[in-house]
Amino acid sequence: MVPLMPAAALVFPAGLLVAALLVGPMLYLGRISLNHYDPAQMMVEALTLENYVRAAADPYYRNVMATTLVMAFTCTALTLLLGFPAGYWIARMQSRWKSLVTVLTLVPLLVGNVVRVAGWVGLLGNEGFVNVGLQAVGLTSGPVKILYTPGAVVIGTIAVVLPYMVLTLASVIEGIPRAVEEAAANLGAPNLTVFRRIVWPLALPGVAAGSTLVFILCMNTFATAVLLGGSQFKMMAPAVYDQFSKGSNWPFGAALAFILLIATLTLTILGSALLARRARRPA
């Protein structure tokens with residue numbers, strides 16, 4: 001009988017790959033963030049926190065971070081609200097078309113993000129399908145400004161992250177025995193009570209996993225914020241890009257990137273811990 005490989009030996013290749021492709025570049029970026037920016041020399045090697053101090057003291061970047069947080073929390077909450085019924089429906093589906101429905105849920109992920117956002121530009125523009133439809137049925141007398149607003153960014157972001165939430169929830173709900181729900185219903189529990197006391201507590205691991213993934217993606221959205229929000233709407237990822245590409249200020253751009261990373265990790269860990277604690281608490 002062939003002995004099983006130690007767990008550490010199985011994890012080591014993946015850990016090494018993550019360290020090489022993710023941790024290493026992030027550590028290098030962190031080192032850059034401590035350098036000094038000079039317009040003539042571009043970047044002077046140093047060990048200073050001036051870039052972080054500037055980001056914390058500048059009202060503009062504080063507002064950008066606040067906007068990013070509000071958008072991320074809003075999109076995550078709405079995605080969970082929309083994704084839970086869809087995930088439950090797919091999980092409980094007993095039709096032969098279940099595999100097809102699952103594949104169709106994945107189809108949006110096969111299209112590039114920029115292409116999808118370009119489609120939303122066509123739908124939400126002044127001459128787009130939405131405005132033309134509203135005017136055709138007489139709900140509006142002229143085009144409604146939808147594009148280049150925070151609402152357009154929310155719509156586009158949810159369209160990007162919704163499949164992740166739906167499939168994550170569906171995989172967890174599938175593991176909840178249907179007999180548990182049926183037993184509660186047979187004992188006289190209304191549908192809302194069954195959901196609140198049975199389905200929701202048992203689905204919390206999927207809620208935590210899906211919300212964590214969606215929140216990370218929302219915090220770091222780039223193309224959607226740029227193309228649907230317009231030049232006046234700023235989130236952290238486009239602000240980081242502007243510092244690298246337009247301002248050529250690599251130390252400050254690296255500091256903004258690290259602030260975004262730390263905020264995302266901190267809120268993700270706190271949110272996951274709260275949901276995990278709630279899942280262990282008896283209903």
# chains A, B, ... in the order shown; residues from 1 in each chain; ligands from 1
>>> closest_atom_pairs(of="range 201-228 of chain A", to="range 147-158 of chain A", cutoff="8 Å", atoms="only C-alpha atoms", output="CSV")
residue,atom,partner,partner_atom,distance
A:Cys218,CA,A:Thr157,CA,6.9
A:Thr221,CA,A:Thr157,CA,7.5
A:Thr224,CA,A:Val153,CA,6.2
A:Ala225,CA,A:Val153,CA,5.7
A:Leu227,CA,A:Tyr148,CA,7.7
A:Leu228,CA,A:Tyr148,CA,5.1
>>> write_last_selection(atoms="C-alpha atoms", output="short mmCIF file (atom, residue, chain, number, x, y, z; two decimals), in the first residue's frame")
data_model
loop_
_atom_site.label_atom_id
_atom_site.label_comp_id
_atom_site.auth_asym_id
_atom_site.auth_seq_id
_atom_site.Cartn_x
_atom_site.Cartn_y
_atom_site.Cartn_z
CA CYS A 218 -16.15 45.17 -5.48
CA THR A 221 -13.32 47.19 -9.35
CA THR A 224 -16.68 49.25 -14.32
CA ALA A 225 -15.92 52.34 -12.24
CA LEU A 227 -16.41 53.28 -17.95
CA LEU A 228 -19.76 53.56 -16.14
#
>>> residues_around(residues="Ser33 in chain A", least_positions_apart="5", cutoff="10 Å", atoms="only C-alpha atoms", output="PDB file with N, CA and C atoms, in the first residue's frame")
ATOM      1  N   LEU A  27       5.165  42.523  -1.513  1.00  0.00           N
ATOM      2  CA  LEU A  27       6.236  42.986  -0.634  1.00  0.00           C
ATOM      3  C   LEU A  27       7.109  44.019  -1.345  1.00  0.00           C
ATOM      4  N   TYR A  28       7.358  43.773  -2.622  1.00  0.00           N
ATOM      5  CA  TYR A  28       8.149  44.737  -3.393  1.00  0.00           C
ATOM      6  C   TYR A  28       7.394  46.055  -3.532  1.00  0.00           C
ATOM      7  N   GLU A  45      15.236  56.333  -3.317  1.00  0.00           N
ATOM      8  CA  GLU A  45      15.157  55.278  -2.306  1.00  0.00           C
ATOM      9  C   GLU A  45      15.226  55.884  -0.908  1.00  0.00           C
ATOM     10  N   ALA A  46      14.266  55.488  -0.072  1.00  0.00           N
ATOM     11  CA  ALA A  46      14.196  56.016   1.292  1.00  0.00           C
ATOM     12  C   ALA A  46      13.361  55.075   2.142  1.00  0.00           C
ATOM     13  N   LEU A  47      13.224  55.412   3.399  1.00  0.00           N
ATOM     14  CA  LEU A  47      12.343  54.694   4.317  1.00  0.00           C
ATOM     15  C   LEU A  47      11.485  55.739   5.034  1.00  0.00           C
ATOM     16  N   THR A  48      10.397  56.127   4.392  1.00  0.00           N
ATOM     17  CA  THR A  48       9.567  57.198   4.910  1.00  0.00           C
ATOM     18  C   THR A  48       8.096  56.820   4.795  1.00  0.00           C
ATOM     19  N   LEU A  49       7.303  57.332   5.720  1.00  0.00           N
ATOM     20  CA  LEU A  49       5.852  57.111   5.703  1.00  0.00           C
ATOM     21  C   LEU A  49       5.106  58.311   5.135  1.00  0.00           C
ATOM     22  N   GLU A  50       5.827  59.196   4.458  1.00  0.00           N
ATOM     23  CA  GLU A  50       5.202  60.429   3.979  1.00  0.00           C
ATOM     24  C   GLU A  50       4.070  60.156   2.994  1.00  0.00           C
ATOM     25  N   ASN A  51       4.174  59.102   2.208  1.00  0.00           N
ATOM     26  CA  ASN A  51       3.113  58.802   1.240  1.00  0.00           C
ATOM     27  C   ASN A  51       1.829  58.375   1.951  1.00  0.00           C
ATOM     28  N   TYR A  52       1.957  57.599   3.016  1.00  0.00           N
ATOM     29  CA  TYR A  52       0.787  57.181   3.785  1.00  0.00           C
ATOM     30  C   TYR A  52       0.184  58.372   4.531  1.00  0.00           C
ATOM     31  N   ASN A 249       3.931  58.760 -10.196  1.00  0.00           N
ATOM     32  CA  ASN A 249       4.327  58.801  -8.787  1.00  0.00           C
ATOM     33  C   ASN A 249       4.169  57.392  -8.215  1.00  0.00           C
ATOM     34  N   TRP A 250       5.161  56.564  -8.438  1.00  0.00           N
ATOM     35  CA  TRP A 250       5.099  55.178  -8.012  1.00  0.00           C
ATOM     36  C   TRP A 250       5.038  55.020  -6.497  1.00  0.00           C
ATOM     37  N   PRO A 251       5.809  55.765  -5.716  1.00  0.00           N
ATOM     38  CA  PRO A 251       5.706  55.599  -4.258  1.00  0.00           C
ATOM     39  C   PRO A 251       4.314  55.895  -3.719  1.00  0.00           C
ATOM     40  N   PHE A 252       3.699  56.986  -4.180  1.00  0.00           N
ATOM     41  CA  PHE A 252       2.366  57.322  -3.684  1.00  0.00           C
ATOM     42  C   PHE A 252       1.332  56.335  -4.209  1.00  0.00           C
ATOM     43  N   GLY A 253       1.461  55.909  -5.470  1.00  0.00           N
ATOM     44  CA  GLY A 253       0.549  54.901  -6.002  1.00  0.00           C
ATOM     45  C   GLY A 253       0.647  53.592  -5.247  1.00  0.00           C
ATOM     46  N   ALA A 254       1.888  53.200  -4.890  1.00  0.00           N
ATOM     47  CA  ALA A 254       2.074  51.977  -4.117  1.00  0.00           C
ATOM     48  C   ALA A 254       1.460  52.115  -2.726  1.00  0.00           C
ATOM     49  N   ALA A 255       1.578  53.293  -2.117  1.00  0.00           N
ATOM     50  CA  ALA A 255       0.971  53.513  -0.802  1.00  0.00           C
ATOM     51  C   ALA A 255      -0.551  53.409  -0.878  1.00  0.00           C
ATOM     52  N   LEU A 256      -1.154  53.982  -1.922  1.00  0.00           N
ATOM     53  CA  LEU A 256      -2.605  53.877  -2.092  1.00  0.00           C
ATOM     54  C   LEU A 256      -3.017  52.417  -2.290  1.00  0.00           C
ATOM     55  N   ALA A 257      -2.212  51.678  -3.062  1.00  0.00           N
ATOM     56  CA  ALA A 257      -2.515  50.266  -3.291  1.00  0.00           C
ATOM     57  C   ALA A 257      -2.458  49.479  -1.983  1.00  0.00           C
ATOM     58  N   PHE A 258      -1.483  49.801  -1.131  1.00  0.00           N
ATOM     59  CA  PHE A 258      -1.368  49.103   0.145  1.00  0.00           C
ATOM     60  C   PHE A 258      -2.504  49.475   1.091  1.00  0.00           C
TER      61      PHE A 258
END
>>> residues_around(residues="Pro163 in chain A", least_positions_apart="4", cutoff="10 Å", atoms="only C-alpha atoms", output="ChimeraX atom specification")
/A:79,83,86-87,102,104-109,158-159,167-169,210,214
>>> atom_distance(atom1="CA of Asn113 in chain A", atom2="CA of Thr266 in chain A")
26.4 Å
>>> closest_residue(among="A:Ala209, A:Ala223, A:Leu17, A:Ile173", to="Leu275 in chain A", atoms="only C-alpha atoms")
A:Ala209
>>> residues_around(residues="Leu204 in chain A", least_positions_apart="3", cutoff="7 Å", atoms="only C-alpha atoms", output="ChimeraX atom specification")
/A:200-201,207-208,275,279
>>> write_last_selection(atoms="C-alpha atoms", output="PDB file, in the first residue's frame")
ATOM      1  CA  TRP A 200     -30.371  30.846   6.595  1.00  0.00           C
ATOM      2  CA  PRO A 201     -28.336  29.492   9.561  1.00  0.00           C
ATOM      3  CA  VAL A 207     -23.058  33.521   2.661  1.00  0.00           C
ATOM      4  CA  ALA A 208     -19.681  34.185   4.265  1.00  0.00           C
ATOM      5  CA  LEU A 275     -20.507  35.464  10.106  1.00  0.00           C
ATOM      6  CA  ALA A 279     -23.067  30.372  12.268  1.00  0.00           C
TER       7      ALA A 279
END
>>> closest_residue(among="A:Val64, A:Val53, A:Phe195, A:Ala8", to="Val240 in chain A", atoms="only C-alpha atoms")
A:Val64
>>> residues_around(residues="range 125-130 of chain A", least_positions_apart="6", cutoff="9 Å", atoms="only C-alpha atoms", output="VMD selection string")
chain A and resid 142 to 148
>>> write_last_selection(atoms="C-alpha atoms", output="compact mmCIF listing (two decimals), in the first residue's frame")
# COMPACT_ATOMS: atom_id res chain seq x y z
CA GLY A 142 -36.69 62.67 -22.50
CA PRO A 143 -33.58 60.66 -21.68
CA VAL A 144 -32.88 59.98 -18.01
CA LYS A 145 -29.29 60.32 -16.90
CA ILE A 146 -28.30 56.81 -15.86
CA LEU A 147 -24.84 56.47 -17.34
CA TYR A 148 -21.91 58.11 -15.50
>>> closest_residue(among="A:Arg277, A:Arg116, A:Arg92, A:Arg196", to="Ala170 in chain A", atoms="only C-alpha atoms")
A:Arg92
>>> closest_residue(among="A:Gln243, A:Val70, A:Gly112, A:Tyr164", to="Tyr37 in chain A", atoms="only C-alpha atoms")
A:Gln243
>>> atom_distance(atom1="CA of Pro205 in chain A", atom2="CA of Ala276 in chain A")
7.1 Å
